[in-house]
Structures are given as C-alpha cells and as structure tokens.
Amino acid sequence: MSSGVRSMVSMMTNLEGYVGFANLPNQVYRKSVKRGFEFTLMVVGESGLGKSTLINSLFLTDLYSKDYPGPSLRIKKTVQVEQSKVLVKEGGVQLTLTIVDTPGFGDAVDNSNCWQPVINYIDSKCEDFLNAESRVNRRLMPDNRVHCCLYFIAPSGHGLKPLDIEFMKRLHDKVNVIPLIAKADTLTPEECQLFKKQIMKEIQEHKIQIYEFPDIEDDEDSKLIRKIKERMPLAVVGSNVVIEVNGKKVRGRQYPWGVAEVENGEHCDFTVLRNMLIRTHMQDLKDVTNNVHYENYRSRKLAAVTCNGGVDTSKTKNQMTRSPLAQMEEERREHVMKMKKMETEMEQVFEMKVKEKKQKLKDSEAELERRHEQMKKNLEAQYKELEEKKRHHEEEKSNWEAQQRILEQQKLDASKTMEKNKKKGKIF
Amino acid sequence: PTVPRAGSTLLGYIGIDTIIEQMRKKTMKAGFDFNIMIVGHSGLGKSTLVNTLFKSQVSRWSSGWGGEHKIPKTVEIKAVSHVIEEGGVKMKLTVIDTPGFGDQINNENCWDPISKYINEQYEKFLKEEVNIARKKRIPDTRVHCCLYFISPTGHSLRQLDIEFMKHLSRVVNIIPVIAKSDTMTPDEKNEFKHRVRKELETHGIEYYPQNEFDDDMEDKNENDKIREAMPFAVVGSDKEFQVNGKRVLGRKTAWGVVEVENPNHCEFALLRDFLIRSHLQDLKEVTHNIHYETYRARRLNDNGGLHPISANNTQESNL
C-alpha cells in the first residue's frame, strides 16, 4: 500500500490578472490598528542610573514627573516590582505601554536574591497568559508578558559587577535582555569603547544570551543591524530638557564645558536604542518573547505537571509531543503495572513471613519437647530419690522396731526378774 | 604656682622668633609621613583621583600591579608607598587602597577588614610608644585620612555608604567626596550635595573637619565654610589637553573638555587645597591627638594594662 497523500510541489505561477490578495497586508494592518498594540518594557538597574529619565526620553512623555515621582526618588528598603500603564497614540495607532520598574534593585547592603522578585513577576505574567490560553472562552486575551528587559549597567569603565553577571545569567532564558550602559556621558569615547569591549567579552565568557538582532535579507537594513551589533551594549544618555545649541533646539544635558546631546549619534547611542526598540524591532521582540521565552516557560510548566518529577530527559522529550489523552493512557498503564508489581511483592513478603512463623513454631515445639524430657528426667530422679529414702526409712523403721522389741524384751525380763525378786523378797 | 607676668616689652632683639625657622629646618630634614586611605566601590575613579591629587603615579595600578581589573572576592587592603619631594620637603606618601569594597552581591560587614586595618595601625603605634627602649622617631603608619567616594547617583546616599561612615567616622577622619562628578549638571550637583549633607546630618555622621574639634573662632569660621561646601564634587584625570592655548588636565568628550582644575567645572582644586595645602598637618594632629588617644585610652582601660591581644579582641573593644 502506497503512503497516503502525495505532497504537491508548489510552483510559482504567474497571475493573469489582478486578483487582489496583495491587499492582505493592508487588511492585517487595519485590523491591528483597530485592535491596538501592547508592549511591556521592564527596566532594571540600581537607583540613580537614570532609568526614569530614559523612559521619559524614549517615549517623549512624562511618565515620571514632579507630581508622580519615579520610584528612585522614593526610597525603598526591599526590591519591589511596580508597573505603570500609559496609553500613547500616534498617527492613529494606539499603543498600550506598560513600564515595569524595579526600585530597590541592588541598593541594599546585602543584595543576594534581589533578582527573585523580578523572576517571580515575569513567571507570573507568563502563567497568566498560559491560563488565559487554556481557557474555554479566549476572546479577550491581554498580553501582559514582559517583552523586553532593559538592564542598566553603571558606567564604571572597568567591567561588569558580580551582581550584573548574576542577574543576566538568571534572566537571559526568561526574557529578552538588552544591556545598556547608563549615564554614558561620564565616559570619554575611548573609555566607552574599551568598556563596551570588556562587557561583551564578559558576556561571552559567562555565556549570557542577550537579545540578538535578527538578520533581515534587505541589504539596507542589514547594514543597520550590523551597525547596531557593533555598538552593543548601547551607551545611552537620557534627558527631556530642551537646550539651544547653535540656534538649534536639542534635547540634552547642559554642562559648563558643553552640551551633551541626547539625539546626536556621536555623543551616545540613544537614537540607536530608540529606533531599534520602537521603530524596527518592537514586533520582533514580541515575537521572540512569544515563540521562544514563553514556549520555554510553557513546556517547562506542563512537563513538570504531567511527569512525576524524577523522569529522565529522554522520556520528557517524547512525552512533550504526545497528546494529553495518550498521556493519560500511559499513566494508567504505568499505574496498573505498579499495582501488579506491588501485589507480587506483597505475596513474596507474605510467604517469607509465613515461613518465618513456621520456623519459629517448630523451634518452640522442639524447645517444649526438650523441656518436657528434662522434666521427666527430673521427676524420675526425684522418684528414685524418694524410693531410696523410703527404703532407708523402712530400714530404719525395722531397725528401730527390732530395737524396741529388744528393749521390750529386756524390760519384760527386767520386770520378770523384779517380780521374782519381789516374790523372793516377800518371802523374806 | 607661678603665674607668668604679662609680656614685658623686649629691650632688644633676642631671636626667639627664629624658633620657627629652626623647626622648619628640622622638619624638612626629617620629612613627613602621610597615609591616605581611599574607599569606594570599583569604577569610581579612586586611583585616578589620587594620581591627580599628588600629580604623580602613586596608585596601585601604576605600581606595576599587573593592571588586572578583576574584582576580588573579599575586601583587600593594599598599601603602596612613595617618597615625593617638593621644594626640599620630602613626603613619604602611603596610599592605602581597598579593592573589593562594595562590589560583591552581599556586602554585609565589608568594612570589617578596613576597621581592623586601622586599629592594627593604632596598635602598632601604641606598642612602640609603650616600649621601654623607644625609637627616636616612631614610624607612623596610622591612617590620617580616609577619602570616601560617593557614587554620583544624583538621588541620595546608598545604604552601604551610610553604614560605612557610621561605623568609621569615630575611628578615622573621613572626607566624603562625590566621584565622577562630570556626570551631573551644576543644578543636579548642588541638589545632590545638599541632600547628602542632610542625610549625613540625620545619621549623626561627623565627617572631617569635625565640629567638636574646632579650636577657636578663626578655625570655626574657616571650617564652617569648608563644611558647607562638602562633600566636594571631583573629577580626576592624568591626561593633558589643549584648551584655549593652555595645557590643562582634563577629560575630552565629544562635546567639550572637562577641566579638572577649573573651579567652574568641578571642585577638585578645592579638595586639593583643603587636603594638602591647608589641612594636611591638622589631619595628622587630629589623628594623633584625638582618634589615637581614644583608642589608647580604651585599650589601657579595657585590659587594665597592656597585654598582647588577638585580632578578635581588637574588634570587640573598638567597634
């Protein structure tokens, strides 16, 4: 029997007229615009690295303003995870932007496990999505998963701190990590280059997987991508203050020795970050989150639920491809086998116990017999003794009787003689 | 007791005022010892600043330490000594660096090795002093000054900063400085300094020059002015650039050159003048007369005499 369906080789056919499916992207576009987009961005770093300022600069809003000060201005004792939602509209496109901040990160004297609240948050968002996906009614499925995590590195100029390495190691397989050098106007261009090289070296050393920009086929874009890759990690400066430089109004920071322009590519990599994050790679970040990080989470979660824990990895791989029903069959079979095994085991144990008991009984029987014998012997011995004593006693008795008779005879003789004497005496 | 009679006018020139010249000659021959400790987590430009302060390569990076910027697992104490000479005056400068401070994930008690080191130096000096056959000039390895580098976050002091300064301000002269201050615009700088000063006050941290040790009104006025300007926001550099035809020490960025010695750019000049040109001797005196004496009194009272003590004991009686 030949195999089922023959696969049809798809051929490129030229159309003879205008069909109209070239309009598909527009339909998708219109639907997406109506639906609106969601994007969740997480910022992590020690306080005072300019995270809030950068967010304000990126989205040109005052998410953190004087009335609602950013978390850094409020002193926190433990690591918290805070989220703020903002709705931005541009050109008819709606974006629900969620910024997740982690105040208190790395600020305590003892920072062990300060990454735990962050990991818990990311996992809980993935879990929410998983539950929403598994529901019967899936109409409204909000996507609150963290799409991107901007990690701020302090501009020490030397290398990564142990805390940086620990954090990135633990989060690189859960979320897209993009490391940034904060407050980059501290570094001169040479120091910046050295610092970037050092960081990339350390990242490779520790096998940290930061977000990789995908290669697009377009020549133009790939040049851009390569430029971005060379500049990683991006050194950023944030500011929302507008200053006039040479008649132009720019956003920057005014120093006594000059103005550090935020949007000048030679001063810092802010424009690169903004373009990458918002203009070109936002959708890719969401895709990678959905296809890679979320899938990892999902398979880990489901595998843990269906397996009984201590199963080796080869089995896990097979089980992941089977449907839940087959899974249940397998489980039932396993269970039955287990029961059978337990039964045979029980029987064995039972037999062993019976044997033991029998042996014990035999032993005690033998013991009893022995004792019986011994007692009998004792009795006999006693009996013999008694017999001896009796004989002895009889002997003594007969002796004594004999003696008594003799005594009596003597007495009689004595009395007879006395009587004779008396008779004789009386005569006198 | 005889009361000295109020100054009678001199009838001729005796030459008492030459005593200053005599002292000067003697001290010039003998030379000075100055021990400065620098504390702060890595990457704050400590070594660069020390090099800039003393205009020579005195930090541990320059002394052939291999240039390996690896963060050590525990706080280490590395002391490097150099003899520098200026105008016939010799100074034996010892820079005590503390790599590994504040760099770990868990920084609990990372000031303990530092505290131990400082107390060990006091102990060494005490032992020499108490000797029957004393050396003519006891080598002074006590820490005269501790420069504490504050990270320029722009917000407030970190927990670790407060803890360190609380524990050590009573044992050594602490001078807090704001490192890498070219991160901040002038407004941010002022706000930050103000906030830091407030916080130090709230926690009762007495940094040098301490209020309680002002001798007279003149001192008090001078020191008040300095205290108001502290902590100094500094920038360090050992490279020279050409600005307006002059060669200046600075940092060249794409938008300008930060001049280290320009008072409009940063307060390095203030720190240098304060530390070296006016208060160098005072730092040594406060260390000797106050911190060392406190240590000595405690030691002699505690053990009822001088017995050899273990490292544990030192920490107990002095922390």
# chains A, B, ... in the order shown; residues from 1 in each chain; ligands from 1
call {"tool": "interface_residues", "arguments": {"of": "chain A", "to": "chain B", "cutoff": "9 Å", "atoms": "only C-alpha atoms", "output": "PyMOL selection string"}}
result
chain A and resi 47-50+72-73+75+106-113+154-159+161-163+166+183-189+253-261+266-267
call {"tool": "residues_around", "arguments": {"residues": "Val177 of chain A", "least_positions_apart": "4", "cutoff": "6 Å", "atoms": "only C-alpha atoms", "output": "number ranges by chain"}}
result
A: 149, 172, 210-211
call {"tool": "select_by_dssp", "arguments": {"residues": "segment 223-270 of chain A", "states": "strand (DSSP E)", "output": "CSV table (one decimal) with C-alpha atoms, in the first residue's frame"}}
result
chain,number,residue,atom,x,y,z
A,234,LEU,CA,24.3,50.6,23.8
A,235,ALA,CA,25.6,53.6,25.8
A,242,VAL,CA,15.4,71.2,25.6
A,243,ILE,CA,18.5,73.3,25.2
A,244,GLU,CA,19.5,75.6,22.4
A,245,VAL,CA,22.8,74.8,20.7
A,248,LYS,CA,19.0,74.5,17.1
A,249,LYS,CA,16.8,73.2,19.8
A,250,VAL,CA,18.0,69.9,21.1
A,251,ARG,CA,17.4,67.7,24.0
A,252,GLY,CA,20.5,67.3,26.1
A,253,ARG,CA,22.3,68.0,29.3
A,254,GLN,CA,24.0,71.3,29.9
A,255,TYR,CA,27.4,71.2,31.4
A,258,GLY,CA,29.5,71.8,26.7
A,259,VAL,CA,26.1,70.3,25.9
A,260,ALA,CA,25.8,66.5,25.7
A,261,GLU,CA,23.1,66.0,23.0
call {"tool": "residues_around", "arguments": {"residues": "segment 121-133 of chain B", "least_positions_apart": "6", "cutoff": "8 Å", "atoms": "only C-alpha atoms", "output": "number ranges by chain"}}
result
B: 139-143, 292, 295-296
call {"tool": "select_by_dssp", "arguments": {"residues": "segment 37-162 of chain A", "states": "alpha helix (DSSP H)", "output": "list in words"}}
result
Lys51, Ser52, Thr53, Leu54, Ile55, Asn56, Ser57, Leu58, Phe59, Gln116, Pro117, Val118, Ile119, Asn120, Tyr121, Ile122, Asp123, Ser124, Lys125, Cys126, Glu127, Asp128, Phe129, Leu130, Asn131, Ala132, Glu133, Ser134 and Pro162 of chain A
call {"tool": "closest_residue", "arguments": {"among": "A:Gly238, A:Met141, A:Glu419, A:Val288", "to": "Asp173 of chain A", "atoms": "only C-alpha atoms"}}
result
A:Val288
call {"tool": "residues_around", "arguments": {"residues": "Thr53 of chain A", "least_positions_apart": "4", "cutoff": "8 Å", "atoms": "only C-alpha atoms", "output": "PyMOL selection string"}}
result
chain A and resi 57+64+238-240
call {"tool": "write_last_selection", "arguments": {"atoms": "C-alpha atoms", "output": "mmCIF file, in the first residue's frame"}}
result
data_model
loop_
_atom_site.group_PDB
_atom_site.id
_atom_site.type_symbol
_atom_site.label_atom_id
_atom_site.label_comp_id
_atom_site.auth_asym_id
_atom_site.auth_seq_id
_atom_site.Cartn_x
_atom_site.Cartn_y
_atom_site.Cartn_z
ATOM 1 C CA SER A 57 13.085 60.462 26.819
ATOM 2 C CA TYR A 64 7.605 60.061 35.890
ATOM 3 C CA GLY A 238 18.581 60.438 28.799
ATOM 4 C CA SER A 239 17.117 63.910 29.004
ATOM 5 C CA ASN A 240 13.867 65.670 28.364
#
call {"tool": "atom_distance", "arguments": {"atom1": "atom CA of Arg247 of chain B", "atom2": "atom CA of Ala179 of chain B"}}
result
23.3 Å
call {"tool": "residues_around", "arguments": {"residues": "Ile99 of chain A", "least_positions_apart": "4", "cutoff": "12 Å", "atoms": "only C-alpha atoms", "output": "count of residues only"}}
result
32
call {"tool": "atom_distance", "arguments": {"atom1": "atom CA of Ile276 of chain B", "atom2": "atom CA of Phe192 of chain B"}}
result
25.3 Å
call {"tool": "closest_residue", "arguments": {"among": "B:Gly250, B:Gly87, B:Gly245, B:Pro231", "to": "Glu267 of chain B", "atoms": "only C-alpha atoms"}}
result
B:Pro231
call {"tool": "decode", "arguments": {"residues": "segment 161-286 of chain B", "atoms": "C-alpha atoms", "output": "compact mmCIF listing (two decimals), in the first residue's frame"}}
result
# COMPACT_ATOMS: atom_id res chain seq x y z
CA ASP B 161 27.66 54.49 52.33
CA ILE B 162 25.72 55.33 55.46
CA GLU B 163 26.70 52.12 57.21
CA PHE B 164 30.39 52.55 56.43
CA MET B 165 30.58 56.14 57.53
CA LYS B 166 28.59 55.47 60.68
CA HIS B 167 30.99 52.76 61.72
CA LEU B 168 34.19 54.54 60.88
CA SER B 169 33.70 58.25 61.47
CA ARG B 170 34.68 57.80 65.09
CA VAL B 171 37.84 55.92 64.31
CA VAL B 172 39.37 57.86 61.46
CA ASN B 173 39.00 61.20 59.68
CA ILE B 174 36.54 60.64 56.87
CA ILE B 175 36.36 63.05 53.96
CA PRO B 176 33.45 62.21 51.68
CA VAL B 177 33.86 63.12 48.02
CA ILE B 178 31.45 62.79 45.15
CA ALA B 179 33.21 60.82 42.47
CA LYS B 180 32.94 61.27 38.70
CA SER B 181 31.01 64.45 39.17
CA ASP B 182 31.13 65.23 35.46
CA THR B 183 28.00 63.06 35.33
CA MET B 184 25.94 65.83 36.84
CA THR B 185 24.89 69.24 35.63
CA PRO B 186 25.56 72.08 38.09
CA ASP B 187 21.95 72.10 39.32
CA GLU B 188 21.91 68.38 39.91
CA LYS B 189 25.25 68.67 41.68
CA ASN B 190 24.01 71.28 44.14
CA GLU B 191 20.84 69.38 44.88
CA PHE B 192 22.73 66.17 45.41
CA LYS B 193 25.28 67.78 47.71
CA HIS B 194 22.54 69.36 49.72
CA ARG B 195 20.73 66.07 50.07
CA VAL B 196 23.88 64.18 51.01
CA ARG B 197 24.76 66.74 53.67
CA LYS B 198 21.28 66.50 55.12
CA GLU B 199 21.47 62.73 55.22
CA LEU B 200 24.85 62.75 56.89
CA GLU B 201 23.45 65.09 59.50
CA THR B 202 20.37 62.94 60.06
CA HIS B 203 22.52 59.91 60.73
CA GLY B 204 24.87 61.80 63.00
CA ILE B 205 27.93 61.20 60.86
CA GLU B 206 30.73 63.60 61.73
CA TYR B 207 33.00 63.96 58.76
CA TYR B 208 36.30 65.83 58.85
CA PRO B 209 36.65 68.70 59.80
CA GLN B 210 34.62 67.72 62.82
CA ASN B 211 32.60 70.36 64.59
CA GLU B 212 33.78 69.41 68.02
CA PHE B 213 37.45 69.85 67.34
CA ASP B 214 37.44 73.48 66.25
CA ASP B 215 39.93 75.26 68.45
CA ASP B 216 38.86 78.87 68.18
CA MET B 217 36.60 81.24 66.28
CA GLU B 218 39.02 81.63 63.42
CA ASP B 219 39.20 77.89 62.93
CA LYS B 220 35.48 77.58 63.28
CA ASN B 221 34.77 80.15 60.59
CA GLU B 222 37.21 78.62 58.20
CA ASN B 223 35.96 75.13 58.84
CA ASP B 224 32.34 76.17 58.63
CA LYS B 225 32.93 77.44 55.16
CA ILE B 226 34.54 74.18 54.21
CA ARG B 227 31.85 72.10 55.80
CA GLU B 228 29.21 73.96 53.83
CA ALA B 229 31.00 73.15 50.60
CA MET B 230 31.47 69.48 51.36
CA PRO B 231 31.24 66.86 50.03
CA PHE B 232 33.44 68.05 47.19
CA ALA B 233 32.33 67.00 43.75
CA VAL B 234 35.51 65.96 41.98
CA VAL B 235 36.79 64.75 38.68
CA GLY B 236 40.17 63.13 38.26
CA SER B 237 42.42 62.90 35.25
CA ASP B 238 46.05 62.34 34.45
CA LYS B 239 45.85 63.31 30.80
CA GLU B 240 46.53 66.73 29.42
CA PHE B 241 44.68 68.51 26.66
CA GLN B 242 44.99 71.78 24.88
CA VAL B 243 42.28 74.28 25.75
CA ASN B 244 42.47 77.89 24.57
CA GLY B 245 46.18 77.59 24.09
CA LYS B 246 46.79 76.26 27.56
CA ARG B 247 47.60 72.74 28.52
CA VAL B 248 45.20 71.53 31.16
CA LEU B 249 44.49 68.30 32.93
CA GLY B 250 41.14 67.06 31.83
CA ARG B 251 38.79 64.67 30.14
CA LYS B 252 37.95 65.10 26.49
CA THR B 253 34.44 64.21 25.43
CA ALA B 254 32.65 64.80 22.18
CA TRP B 255 31.02 67.93 23.49
CA GLY B 256 33.85 69.58 25.35
CA VAL B 257 36.78 69.19 27.66
CA VAL B 258 36.19 68.84 31.37
CA GLU B 259 38.95 70.78 33.07
CA VAL B 260 39.96 69.24 36.35
CA GLU B 261 41.41 72.37 37.87
CA ASN B 262 38.72 74.75 36.70
CA PRO B 263 36.55 75.64 39.68
CA ASN B 264 33.54 76.11 37.41
CA HIS B 265 33.80 72.56 36.21
CA CYS B 266 34.45 70.68 39.40
CA GLU B 267 35.73 71.09 42.91
CA PHE B 268 38.98 69.25 42.58
CA ALA B 269 41.04 72.38 43.24
CA LEU B 270 39.09 72.97 46.44
CA LEU B 271 39.74 69.44 47.61
CA ARG B 272 43.41 69.64 46.82
CA ASP B 273 43.87 72.92 48.60
CA PHE B 274 41.92 71.73 51.56
CA LEU B 275 43.61 68.39 51.82
CA ILE B 276 47.18 69.31 51.06
CA ARG B 277 47.70 73.00 51.25
CA SER B 278 45.85 73.88 54.42
CA HIS B 279 44.79 70.91 56.46
CA LEU B 280 47.46 68.29 55.97
CA GLN B 281 49.09 68.89 59.30
CA ASP B 282 45.74 69.24 61.00
CA LEU B 283 44.67 65.84 59.71
CA LYS B 284 47.74 64.29 61.25
CA GLU B 285 47.19 66.13 64.51
CA VAL B 286 43.56 65.13 64.83
